[in-house]
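Raw contents of target_33.cif, mmCIF, C-alpha atoms:
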data_upload
#
loop_
_atom_site.group_PDB
_atom_site.id
_atom_site.type_symbol
_atom_site.label_atom_id
_atom_site.label_comp_id
_atom_site.auth_asym_id
_atom_site.auth_seq_id
_atom_site.Cartn_x
_atom_site.Cartn_y
_atom_site.Cartn_z
ATOM 1 C CA MET R 1 -223.350 123.804 14.019
ATOM 2 C CA ASN R 2 -223.694 126.776 16.322
ATOM 3 C CA ALA R 3 -226.249 126.067 19.103
ATOM 4 C CA ASP R 4 -227.831 129.526 18.735
ATOM 5 C CA PHE R 5 -228.352 128.963 15.004
ATOM 6 C CA ILE R 6 -230.031 125.600 15.655
ATOM 7 C CA GLN R 7 -232.281 127.184 18.252
ATOM 8 C CA ASN R 8 -233.221 130.023 15.919
ATOM 9 C CA ILE R 9 -234.272 127.762 13.057
ATOM 10 C CA THR R 10 -236.131 125.544 15.536
ATOM 11 C CA ASN R 11 -238.063 128.616 16.656
ATOM 12 C CA LEU R 12 -238.846 129.381 13.005
ATOM 13 C CA GLY R 13 -240.611 126.037 12.653
ATOM 14 C CA LEU R 14 -237.964 123.412 11.797
ATOM 15 C CA SER R 15 -238.836 121.064 14.644
ATOM 16 C CA ASP R 16 -236.171 118.453 13.805
ATOM 17 C CA ALA R 17 -233.343 120.977 13.423
ATOM 18 C CA GLN R 18 -231.278 119.443 16.218
ATOM 19 C CA GLN R 19 -231.545 115.970 14.693
ATOM 20 C CA LEU R 20 -230.643 117.257 11.223
ATOM 21 C CA CYS R 21 -227.643 119.251 12.389
ATOM 22 C CA ASP R 22 -226.251 117.203 15.265
ATOM 23 C CA GLY R 23 -222.790 115.919 14.359
ATOM 24 C CA SER R 24 -223.353 116.586 10.668
ATOM 25 C CA SER R 25 -222.060 118.714 7.842
ATOM 26 C CA VAL R 26 -224.966 120.937 6.891
ATOM 27 C CA TYR R 27 -225.534 122.843 3.662
ATOM 28 C CA VAL R 28 -227.419 126.050 4.484
ATOM 29 C CA GLU R 29 -229.094 127.855 1.592
ATOM 30 C CA PHE R 30 -230.567 131.332 1.899
ATOM 31 C CA SER R 31 -233.138 131.864 -0.844
ATOM 32 C CA GLY R 32 -235.112 134.971 -1.726
ATOM 33 C CA THR R 33 -232.391 136.611 -3.795
ATOM 34 C CA ALA R 34 -231.684 136.611 -7.504
ATOM 35 C CA ALA R 35 -228.106 137.874 -7.157
ATOM 36 C CA THR R 36 -225.627 135.454 -8.738
ATOM 37 C CA VAL R 37 -223.047 136.215 -6.051
ATOM 38 C CA ASP R 38 -225.490 135.291 -3.292
ATOM 39 C CA LEU R 39 -226.640 132.118 -5.014
ATOM 40 C CA MET R 40 -223.083 130.876 -5.656
ATOM 41 C CA ARG R 41 -221.675 131.796 -2.230
ATOM 42 C CA PRO R 42 -222.407 128.442 -0.486
ATOM 43 C CA ASN R 43 -220.941 126.465 -3.382
ATOM 44 C CA ALA R 44 -217.812 128.621 -3.503
ATOM 45 C CA LEU R 45 -217.284 128.306 0.249
ATOM 46 C CA GLN R 46 -217.698 124.521 0.103
ATOM 47 C CA LYS R 47 -215.010 124.339 -2.591
ATOM 48 C CA ALA R 48 -212.712 126.543 -0.504
ATOM 49 C CA LEU R 49 -213.148 124.257 2.512
ATOM 50 C CA VAL R 50 -212.393 121.141 0.452
ATOM 51 C CA LEU R 51 -209.249 122.651 -1.045
ATOM 52 C CA SER R 52 -207.963 124.063 2.234
ATOM 53 C CA SER R 53 -207.314 120.793 4.094
ATOM 54 C CA ASP R 54 -207.630 116.991 4.189
ATOM 55 C CA LEU R 55 -210.996 117.303 5.915
ATOM 56 C CA ALA R 56 -213.905 115.642 4.121
ATOM 57 C CA ILE R 57 -216.545 118.308 3.509
ATOM 58 C CA TYR R 58 -219.767 116.804 2.231
ATOM 59 C CA PRO R 59 -223.174 117.761 3.559
ATOM 60 C CA VAL R 60 -225.616 115.217 4.937
ATOM 61 C CA ALA R 61 -228.357 117.742 5.634
ATOM 62 C CA HIS R 62 -229.746 120.591 3.534
ATOM 63 C CA ILE R 63 -231.517 123.522 5.188
ATOM 64 C CA ILE R 64 -233.265 126.207 3.129
ATOM 65 C CA ILE R 65 -234.081 129.560 4.719
ATOM 66 C CA ASP R 66 -236.472 131.556 2.574
ATOM 67 C CA ASP R 67 -235.664 135.205 3.254
ATOM 68 C CA PRO R 68 -239.051 136.957 3.546
ATOM 69 C CA GLU R 69 -240.275 140.421 2.793
ATOM 70 C CA PRO R 70 -239.912 142.923 5.663
ATOM 71 C CA ARG R 71 -242.108 142.113 8.683
ATOM 72 C CA GLU R 72 -242.879 138.615 7.346
ATOM 73 C CA ARG R 73 -241.804 135.396 9.040
ATOM 74 C CA ALA R 74 -238.989 133.371 7.446
ATOM 75 C CA VAL R 75 -239.833 129.908 6.117
ATOM 76 C CA VAL R 76 -237.327 127.182 6.999
ATOM 77 C CA THR R 77 -237.243 123.662 5.548
ATOM 78 C CA GLY R 78 -234.699 120.898 6.016
ATOM 79 C CA THR R 79 -233.990 117.394 4.773
ATOM 80 C CA ARG R 80 -231.394 114.655 5.047
ATOM 81 C CA LEU R 81 -229.315 114.042 1.927
ATOM 82 C CA PRO R 82 -228.559 110.586 0.479
ATOM 83 C CA PHE R 83 -225.225 108.760 0.735
ATOM 84 C CA SER R 84 -224.486 110.111 4.200
ATOM 85 C CA ASP R 85 -222.591 106.930 5.060
ATOM 86 C CA LEU R 86 -219.712 107.672 2.686
ATOM 87 C CA ASP R 87 -216.637 108.226 4.814
ATOM 88 C CA PHE R 88 -213.885 109.345 2.435
ATOM 89 C CA ARG R 89 -213.214 111.576 -0.544
ATOM 90 C CA TRP R 90 -209.859 110.488 -2.030
ATOM 91 C CA GLY R 91 -207.363 111.988 0.383
ATOM 92 C CA HIS R 92 -210.037 113.682 2.489
ATOM 93 C CA HIS R 93 -211.279 112.030 5.648
ATOM 94 C CA PRO R 94 -213.913 112.753 8.309
ATOM 95 C CA GLY R 95 -212.823 115.087 11.057
ATOM 96 C CA THR R 96 -213.602 118.300 12.872
ATOM 97 C CA LEU R 97 -213.791 121.641 11.087
ATOM 98 C CA THR R 98 -211.336 123.841 12.974
ATOM 99 C CA GLU R 99 -210.843 127.582 13.030
ATOM 100 C CA ASP R 100 -207.493 127.178 11.215
ATOM 101 C CA THR R 101 -209.154 125.223 8.404
ATOM 102 C CA PHE R 102 -211.872 127.836 8.069
ATOM 103 C CA ARG R 103 -209.279 130.622 8.052
ATOM 104 C CA ARG R 104 -207.359 128.924 5.226
ATOM 105 C CA ALA R 105 -210.604 128.469 3.331
ATOM 106 C CA LEU R 106 -211.405 132.169 3.648
ATOM 107 C CA GLY R 107 -208.035 132.860 2.031
ATOM 108 C CA LEU R 108 -209.092 130.860 -1.057
ATOM 109 C CA TYR R 109 -212.716 131.967 -1.109
ATOM 110 C CA PRO R 110 -212.346 135.381 -2.863
ATOM 111 C CA SER R 111 -210.577 133.823 -5.867
ATOM 112 C CA ILE R 112 -213.109 130.995 -6.126
ATOM 113 C CA ALA R 113 -216.075 133.354 -5.778
ATOM 114 C CA GLU R 114 -214.646 135.627 -8.462
ATOM 115 C CA ILE R 115 -214.363 132.934 -11.130
ATOM 116 C CA HIS R 116 -217.784 131.489 -10.214
ATOM 117 C CA VAL R 117 -219.758 134.608 -11.068
ATOM 118 C CA GLY R 118 -218.413 134.991 -14.608
ATOM 119 C CA ASP R 119 -220.802 134.420 -17.522
ATOM 120 C CA SER R 120 -218.179 132.958 -19.874
ATOM 121 C CA PHE R 121 -215.805 129.989 -19.950
ATOM 122 C CA HIS R 122 -212.988 130.148 -17.406
ATOM 123 C CA ARG R 123 -210.136 127.652 -17.441
ATOM 124 C CA VAL R 124 -209.729 127.491 -13.643
ATOM 125 C CA ALA R 125 -213.473 127.257 -13.015
ATOM 126 C CA ASP R 126 -213.599 124.347 -15.456
ATOM 127 C CA ALA R 127 -210.680 122.661 -13.675
ATOM 128 C CA LEU R 128 -212.462 123.138 -10.344
ATOM 129 C CA LEU R 129 -215.526 121.409 -11.776
ATOM 130 C CA PHE R 130 -213.495 118.365 -12.833
ATOM 131 C CA TYR R 131 -211.751 118.301 -9.450
ATOM 132 C CA GLU R 132 -215.149 118.296 -7.762
ATOM 133 C CA ASN R 133 -216.290 115.450 -10.044
ATOM 134 C CA GLY R 134 -213.307 113.392 -8.933
ATOM 135 C CA TYR R 135 -213.808 114.296 -5.284
ATOM 136 C CA ASN R 136 -217.465 113.237 -5.319
ATOM 137 C CA SER R 137 -217.024 110.036 -7.334
ATOM 138 C CA GLN R 138 -216.955 106.717 -5.498
ATOM 139 C CA ASN R 139 -215.623 104.975 -8.621
ATOM 140 C CA PRO R 140 -211.787 105.099 -8.589
ATOM 141 C CA ASP R 141 -211.544 105.055 -12.391
ATOM 142 C CA LEU R 142 -213.867 108.061 -12.714
ATOM 143 C CA ALA R 143 -212.200 109.818 -9.774
ATOM 144 C CA LEU R 144 -208.792 109.478 -11.439
ATOM 145 C CA ILE R 145 -210.167 110.790 -14.733
ATOM 146 C CA GLY R 146 -211.716 113.745 -12.898
ATOM 147 C CA PHE R 147 -208.484 114.734 -11.134
ATOM 148 C CA THR R 148 -206.262 114.280 -14.198
ATOM 149 C CA THR R 149 -208.702 116.196 -16.401
ATOM 150 C CA CYS R 150 -208.453 118.996 -13.844
ATOM 151 C CA LEU R 151 -204.673 118.981 -14.338
ATOM 152 C CA ASP R 152 -205.076 118.781 -18.134
ATOM 153 C CA GLY R 153 -207.219 121.900 -18.084
ATOM 154 C CA LEU R 154 -204.653 123.827 -16.065
ATOM 155 C CA PHE R 155 -201.330 122.777 -17.556
ATOM 156 C CA SER R 156 -201.870 121.321 -21.027
ATOM 157 C CA THR R 157 -201.880 123.630 -24.049
ATOM 158 C CA VAL R 158 -200.499 121.258 -26.708
ATOM 159 C CA GLU R 159 -201.591 117.936 -28.193
ATOM 160 C CA GLN R 160 -198.182 116.245 -28.452
ATOM 161 C CA GLU R 161 -196.328 114.497 -25.603
ATOM 162 C CA VAL R 162 -199.091 115.670 -23.296
ATOM 163 C CA SER R 163 -198.214 113.690 -20.167
ATOM 164 C CA PHE R 164 -194.470 114.480 -20.371
ATOM 165 C CA ARG R 165 -194.972 118.211 -20.933
ATOM 166 C CA LEU R 166 -197.677 118.412 -18.303
ATOM 167 C CA SER R 167 -195.567 116.560 -15.727
ATOM 168 C CA LEU R 168 -192.635 118.850 -16.410
ATOM 169 C CA ARG R 169 -194.764 121.963 -16.038
ATOM 170 C CA LEU R 170 -196.450 120.625 -12.923
ATOM 171 C CA SER R 171 -193.123 119.807 -11.256
ATOM 172 C CA HIS R 172 -191.782 123.316 -11.843
ATOM 173 C CA PHE R 173 -195.041 124.935 -10.774
ATOM 174 C CA LEU R 174 -195.328 123.054 -7.462
ATOM 175 C CA ALA R 175 -191.655 122.861 -6.425
ATOM 176 C CA ASP R 176 -188.544 125.031 -6.527
ATOM 177 C CA GLU R 177 -185.886 122.479 -5.494
ATOM 178 C CA ASN R 178 -184.689 119.963 -8.105
ATOM 179 C CA GLU R 179 -185.121 116.964 -5.819
ATOM 180 C CA ARG R 180 -188.701 117.896 -5.046
ATOM 181 C CA ARG R 181 -189.363 118.695 -8.720
ATOM 182 C CA ARG R 182 -188.206 115.201 -9.648
ATOM 183 C CA GLU R 183 -190.542 113.711 -7.056
ATOM 184 C CA VAL R 184 -193.552 115.626 -8.417
ATOM 185 C CA PHE R 185 -192.562 114.748 -11.993
ATOM 186 C CA ASP R 186 -192.377 111.022 -11.189
ATOM 187 C CA GLN R 187 -195.707 111.087 -9.364
ATOM 188 C CA SER R 188 -197.387 112.819 -12.284
ATOM 189 C CA ARG R 189 -195.925 110.383 -14.823
ATOM 190 C CA GLU R 190 -197.138 107.450 -12.734
ATOM 191 C CA VAL R 191 -200.635 108.911 -12.463
ATOM 192 C CA TYR R 192 -200.885 109.560 -16.202
ATOM 193 C CA LYS R 193 -199.529 106.127 -17.099
ATOM 194 C CA VAL R 194 -202.349 104.521 -15.105
ATOM 195 C CA ARG R 195 -204.925 106.990 -16.486
ATOM 196 C CA SER R 196 -203.872 106.034 -20.024
ATOM 197 C CA LYS R 197 -204.368 102.341 -19.281
ATOM 198 C CA ILE R 198 -207.829 102.958 -17.849
ATOM 199 C CA VAL R 199 -209.143 105.090 -20.718
ATOM 200 C CA HIS R 200 -207.679 102.710 -23.338
ATOM 201 C CA GLY R 201 -209.019 99.547 -21.723
ATOM 202 C CA ALA R 202 -205.684 98.065 -20.659
ATOM 203 C CA SER R 203 -205.164 96.239 -17.373
ATOM 204 C CA ILE R 204 -203.242 97.930 -14.578
ATOM 205 C CA ASP R 205 -202.053 94.617 -13.144
ATOM 206 C CA ARG R 206 -202.691 90.974 -14.001
ATOM 207 C CA ASN R 207 -204.063 90.478 -10.510
ATOM 208 C CA PRO R 208 -207.400 92.387 -10.278
ATOM 209 C CA GLU R 209 -207.280 92.682 -6.486
ATOM 210 C CA ARG R 210 -203.737 94.034 -6.538
ATOM 211 C CA ALA R 211 -204.712 96.471 -9.296
ATOM 212 C CA ALA R 212 -207.699 97.740 -7.298
ATOM 213 C CA ILE R 213 -205.636 98.273 -4.141
ATOM 214 C CA TYR R 214 -202.893 100.067 -6.096
ATOM 215 C CA LEU R 215 -205.446 102.342 -7.759
ATOM 216 C CA VAL R 216 -207.466 103.181 -4.629
ATOM 217 C CA GLU R 217 -204.646 103.504 -2.108
ATOM 218 C CA ASN R 218 -201.874 104.918 -4.275
ATOM 219 C CA VAL R 219 -202.711 106.406 -7.666
ATOM 220 C CA VAL R 220 -206.010 108.222 -7.076
ATOM 221 C CA PRO R 221 -204.839 109.901 -3.822
ATOM 222 C CA LYS R 222 -201.671 111.063 -5.635
ATOM 223 C CA ALA R 223 -203.737 112.529 -8.458
ATOM 224 C CA GLU R 224 -206.045 114.243 -5.974
ATOM 225 C CA ARG R 225 -203.123 115.742 -4.081
ATOM 226 C CA LEU R 226 -201.467 117.065 -7.259
ATOM 227 C CA ALA R 227 -204.735 118.618 -8.453
ATOM 228 C CA ARG R 228 -205.541 120.106 -5.053
ATOM 229 C CA ARG R 229 -202.071 121.595 -4.548
ATOM 230 C CA SER R 230 -202.183 123.105 -8.036
ATOM 231 C CA LEU R 231 -205.569 124.719 -7.452
ATOM 232 C CA GLN R 232 -204.480 125.944 -4.019
ATOM 233 C CA LYS R 233 -201.436 127.672 -5.487
ATOM 234 C CA ILE R 234 -203.289 129.221 -8.410
ATOM 235 C CA LEU R 235 -206.026 130.566 -6.148
ATOM 236 C CA THR R 236 -203.692 131.735 -3.380
ATOM 237 C CA LEU R 237 -201.457 133.633 -5.813
ATOM 238 C CA ARG R 238 -204.532 134.974 -7.651
ATOM 239 C CA LEU R 239 -203.362 133.548 -10.982
ATOM 240 C CA GLY R 240 -206.853 132.796 -12.263
ATOM 241 C CA ASP R 241 -206.720 135.464 -14.965
ATOM 242 C CA LEU R 242 -203.309 134.296 -16.166
ATOM 243 C CA PHE R 243 -204.420 130.657 -16.347
ATOM 244 C CA SER R 244 -207.510 131.624 -18.317
ATOM 245 C CA ARG R 245 -205.285 132.607 -21.270
ATOM 246 C CA PRO R 246 -203.356 129.793 -23.061
ATOM 247 C CA ALA R 247 -200.770 132.201 -24.477
ATOM 248 C CA ALA R 248 -200.036 133.533 -20.986
ATOM 249 C CA ILE R 249 -199.617 129.979 -19.683
ATOM 250 C CA GLU R 250 -197.094 129.279 -22.443
ATOM 251 C CA ARG R 251 -195.089 132.386 -21.486
ATOM 252 C CA LEU R 252 -195.242 131.487 -17.805
ATOM 253 C CA PHE R 253 -193.855 127.977 -18.264
ATOM 254 C CA ASP R 254 -191.192 129.110 -20.706
ATOM 255 C CA ALA R 255 -190.065 131.450 -17.921
ATOM 256 C CA VAL R 256 -190.426 128.827 -15.161
ATOM 257 C CA LEU R 257 -188.184 126.307 -16.925
ATOM 258 C CA PHE R 258 -185.322 128.815 -16.894
ATOM 259 C CA SER R 259 -185.953 130.363 -13.471
ATOM 260 C CA ASN R 260 -185.002 129.300 -9.967
ATOM 261 C CA SER R 261 -188.594 129.463 -8.745
ATOM 262 C CA LEU R 262 -192.162 130.203 -9.748
ATOM 263 C CA GLN R 263 -191.911 133.597 -8.024
ATOM 264 C CA ASP R 264 -188.855 134.475 -10.133
ATOM 265 C CA ALA R 265 -190.752 133.499 -13.283
ATOM 266 C CA LEU R 266 -193.734 135.630 -12.286
ATOM 267 C CA ARG R 267 -191.438 138.595 -11.660
ATOM 268 C CA THR R 268 -189.979 138.085 -15.136
ATOM 269 C CA LEU R 269 -193.445 138.349 -16.606
ATOM 270 C CA ASN R 270 -194.439 141.263 -14.348
ATOM 271 C CA PRO R 271 -191.259 143.246 -13.577
ATOM 272 C CA ARG R 272 -193.126 145.798 -11.423
ATOM 273 C CA SER R 273 -194.614 143.165 -9.060
#
Let me see whether you can do it: turn the structure in this file into structure tokens.
Amino acid sequence: MNADFIQNITNLGLSDAQQLCDGSSVYVEFSGTAATVDLMRPNALQKALVLSSDLAIYPVAHIIIDDPEPRERAVVTGTRLPFSDLDFRWGHHPGTLTEDTFRRALGLYPSIAEIHVGDSFHRVADALLFYENGYNSQNPDLALIGFTTCLDGLFSTVEQEVSFRLSLRLSHFLADENERRREVFDQSREVYKVRSKIVHGASIDRNPERAAIYLVENVVPKAERLARRSLQKILTLRLGDLFSRPAAIERLFDAVLFSNSLQDALRTLNPRS
């Protein structure tokens, strides 16, 4: 946290500001506004930071600054949040928030903020919610279900051969070279095979310890990476509107399967772009 900011909120009456903020991720909320954009801004920025790097972004302190009427003194309150000892988020690890990370996050932020303020269902916003559920879960089974449900919401539009079709679409969406497409396809098939076993009550491995290690160290991080890369690409290319329409998704992936790259497929759909 910026030293000047800590000093300012200390001066406003938060006597333990330094202790709350020192070496911590802090969620700062500015109240006193009814604007949806203002209220959703911190949440949208947090999502952008999570998607922009491998850095674990989870607050351990919550500071509320009540924006007063003109000439009135601001009211500042702060508290520690529970579970501050958790040190990983499935592919995300503790570290230092750098300027490069923040810059990448700002590149994603406008797209995230835009889909957050809508008052109707949005396919990408729903996928983001499931990604966040997986990211925040400390149960590997639930984390895997969260990440794969995120992918389902983005790439699945049919009820037959779901995992095969989804893996094929995902491989062509994330990669342009055949070798890399095959790698993504195989990773996705592996992830969905394990997800199927979990939701249908089948064992992953006869040895419970080996199964747990395989799930925690291999499968869930792969699922997280596939979901994160997909969301990154959709948000960076500003494809939120396209992905909110199932018919448009169908046209996109029909084009992708017979194009050299995602960009070529997008140009086919939008010749003027």
Take the PyMOL selection byres ((chain R and resi 105) around 10), run it mentally on this structure, and tell me the resulting residues as a ChimeraX atom specification.
/R:44-53,99-104,106-110,232
Two-atom distance - atom CA of Ala113 of chain R, atom CA of Thr157 of chain R (Å)
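Separating atom CA of Ala113 of chain R from atom CA of Thr157 of chain R is a distance of 25.1 Å.
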Which residues would end up in the selection if the PyMOL selection byres ((chain R and resi 240-251) around 9) were applied here, given that I need the answer as number ranges by chain?
R: 111-112, 115, 121-125, 154-157, 234-235, 237-239, 252-256, 269
Tell me which residues the PyMOL selection byres ((chain R and resi 133) around 12) grabs here, as a ChimeraX atom specification.
/R:47,89-90,126-132,134-150,224
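Relative to atom CA of Asp54 of chain R, atom CA of Gln187 of chain R is found at 19.0 Å.
Here atom CA of Leu226 of chain R is placed at a distance of 14.8 Å from atom CA of Val194 of chain R.
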Point out the residue among R:Leu151, R:Arg210, R:Leu257, R:Arg195 with the least atom-to-atom distance to Leu231 of chain R, counting all atoms listed in the file.
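Using all atoms listed in the file, Leu231 of chain R sits closest to R:Leu151.
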Hey, which of R:Ile204, R:Leu166, R:Val219, R:Leu266 ends up closest to Phe185 of chain R? Count all atoms listed in the file.
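Closest residue, counting all atoms listed in the file: R:Leu166.
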Check the smallest atom-to-atom distance from each of R:Phe258, R:Lys197, R:Ile9, R:His92 to Arg73 of chain R using only C-alpha atoms, then report the winner.
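Checking each of R:Phe258, R:Lys197, R:Ile9, R:His92 against Arg73 of chain R, counting only C-alpha atoms, the winner is R:Ile9.
When all atoms listed in the file are used to measure the gap to Ala227 of chain R, the shortest distance among R:Ile65, R:Ile57, R:Leu170, R:Ala74 belongs to R:Leu170.
Among R:Ile198, R:Leu262, R:Ala17, R:Val184, the residue with the shortest atom-to-atom distance to Ser171 of chain R, counting only C-alpha atoms, is R:Val184.
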For each of R:Ser167, R:Val162, R:Ala175, R:Gly95, take the minimum atom-to-atom distance to Arg229 of chain R, counting only C-alpha atoms, then give the residue where this is smallest.
R:Ala175
Atoms added to segment 186-214 of chain R (N, CA and C atoms), reported as a compact mmCIF listing (two decimals), keeping the file's coordinate frame:
# COMPACT_ATOMS: atom_id res chain seq x y z
N ASP R 186 -192.18 112.48 -11.21
CA ASP R 186 -192.38 111.02 -11.19
C ASP R 186 -193.80 110.65 -10.77
N GLN R 187 -194.33 111.35 -9.79
CA GLN R 187 -195.71 111.09 -9.36
C GLN R 187 -196.69 111.35 -10.50
N SER R 188 -196.50 112.46 -11.19
CA SER R 188 -197.39 112.82 -12.28
C SER R 188 -197.31 111.80 -13.42
N ARG R 189 -196.09 111.37 -13.75
CA ARG R 189 -195.92 110.38 -14.82
C ARG R 189 -196.60 109.07 -14.47
N GLU R 190 -196.49 108.68 -13.20
CA GLU R 190 -197.14 107.45 -12.73
C GLU R 190 -198.66 107.57 -12.86
N VAL R 191 -199.19 108.68 -12.41
CA VAL R 191 -200.64 108.91 -12.46
C VAL R 191 -201.13 108.86 -13.90
N TYR R 192 -200.43 109.51 -14.81
CA TYR R 192 -200.88 109.56 -16.20
C TYR R 192 -200.69 108.23 -16.93
N LYS R 193 -199.70 107.46 -16.52
CA LYS R 193 -199.53 106.13 -17.10
C LYS R 193 -200.73 105.25 -16.78
N VAL R 194 -201.18 105.31 -15.52
CA VAL R 194 -202.35 104.52 -15.10
C VAL R 194 -203.61 105.07 -15.76
N ARG R 195 -203.76 106.39 -15.83
CA ARG R 195 -204.92 106.99 -16.49
C ARG R 195 -205.02 106.52 -17.93
N SER R 196 -203.89 106.47 -18.63
CA SER R 196 -203.87 106.03 -20.02
C SER R 196 -204.36 104.59 -20.16
N LYS R 197 -203.93 103.74 -19.23
CA LYS R 197 -204.37 102.34 -19.28
C LYS R 197 -205.87 102.24 -19.07
N ILE R 198 -206.40 103.02 -18.15
CA ILE R 198 -207.83 102.96 -17.85
C ILE R 198 -208.66 103.41 -19.04
N VAL R 199 -208.32 104.55 -19.64
CA VAL R 199 -209.14 105.09 -20.72
C VAL R 199 -208.98 104.30 -22.01
N HIS R 200 -207.89 103.52 -22.13
CA HIS R 200 -207.68 102.71 -23.34
C HIS R 200 -207.99 101.24 -23.11
N GLY R 201 -208.56 100.90 -21.96
CA GLY R 201 -209.02 99.55 -21.72
C GLY R 201 -207.94 98.53 -21.43
N ALA R 202 -206.77 98.99 -21.00
CA ALA R 202 -205.68 98.06 -20.66
C ALA R 202 -205.71 97.77 -19.17
N SER R 203 -205.17 96.61 -18.79
CA SER R 203 -205.16 96.24 -17.37
C SER R 203 -204.02 96.93 -16.65
N ILE R 204 -204.27 97.31 -15.41
CA ILE R 204 -203.24 97.93 -14.58
C ILE R 204 -202.29 96.88 -14.03
N ASP R 205 -202.84 95.72 -13.69
CA ASP R 205 -202.05 94.62 -13.14
C ASP R 205 -202.79 93.32 -13.48
N ARG R 206 -202.05 92.25 -13.66
CA ARG R 206 -202.69 90.97 -14.00
C ARG R 206 -203.58 90.48 -12.87
N ASN R 207 -203.27 90.86 -11.66
CA ASN R 207 -204.06 90.48 -10.51
C ASN R 207 -205.09 91.58 -10.23
N PRO R 208 -206.38 91.34 -10.45
CA PRO R 208 -207.40 92.39 -10.28
C PRO R 208 -207.43 92.99 -8.88
N GLU R 209 -207.25 92.16 -7.86
CA GLU R 209 -207.28 92.68 -6.49
C GLU R 209 -206.10 93.61 -6.23
N ARG R 210 -204.92 93.20 -6.71
CA ARG R 210 -203.74 94.03 -6.54
C ARG R 210 -203.88 95.34 -7.31
N ALA R 211 -204.48 95.27 -8.49
CA ALA R 211 -204.71 96.47 -9.30
C ALA R 211 -205.65 97.44 -8.58
N ALA R 212 -206.73 96.89 -7.99
CA ALA R 212 -207.70 97.74 -7.30
C ALA R 212 -207.08 98.43 -6.09
N ILE R 213 -206.28 97.69 -5.32
CA ILE R 213 -205.64 98.27 -4.14
C ILE R 213 -204.65 99.36 -4.56
N TYR R 214 -203.87 99.09 -5.59
CA TYR R 214 -202.89 100.07 -6.10
C TYR R 214 -203.59 101.35 -6.55
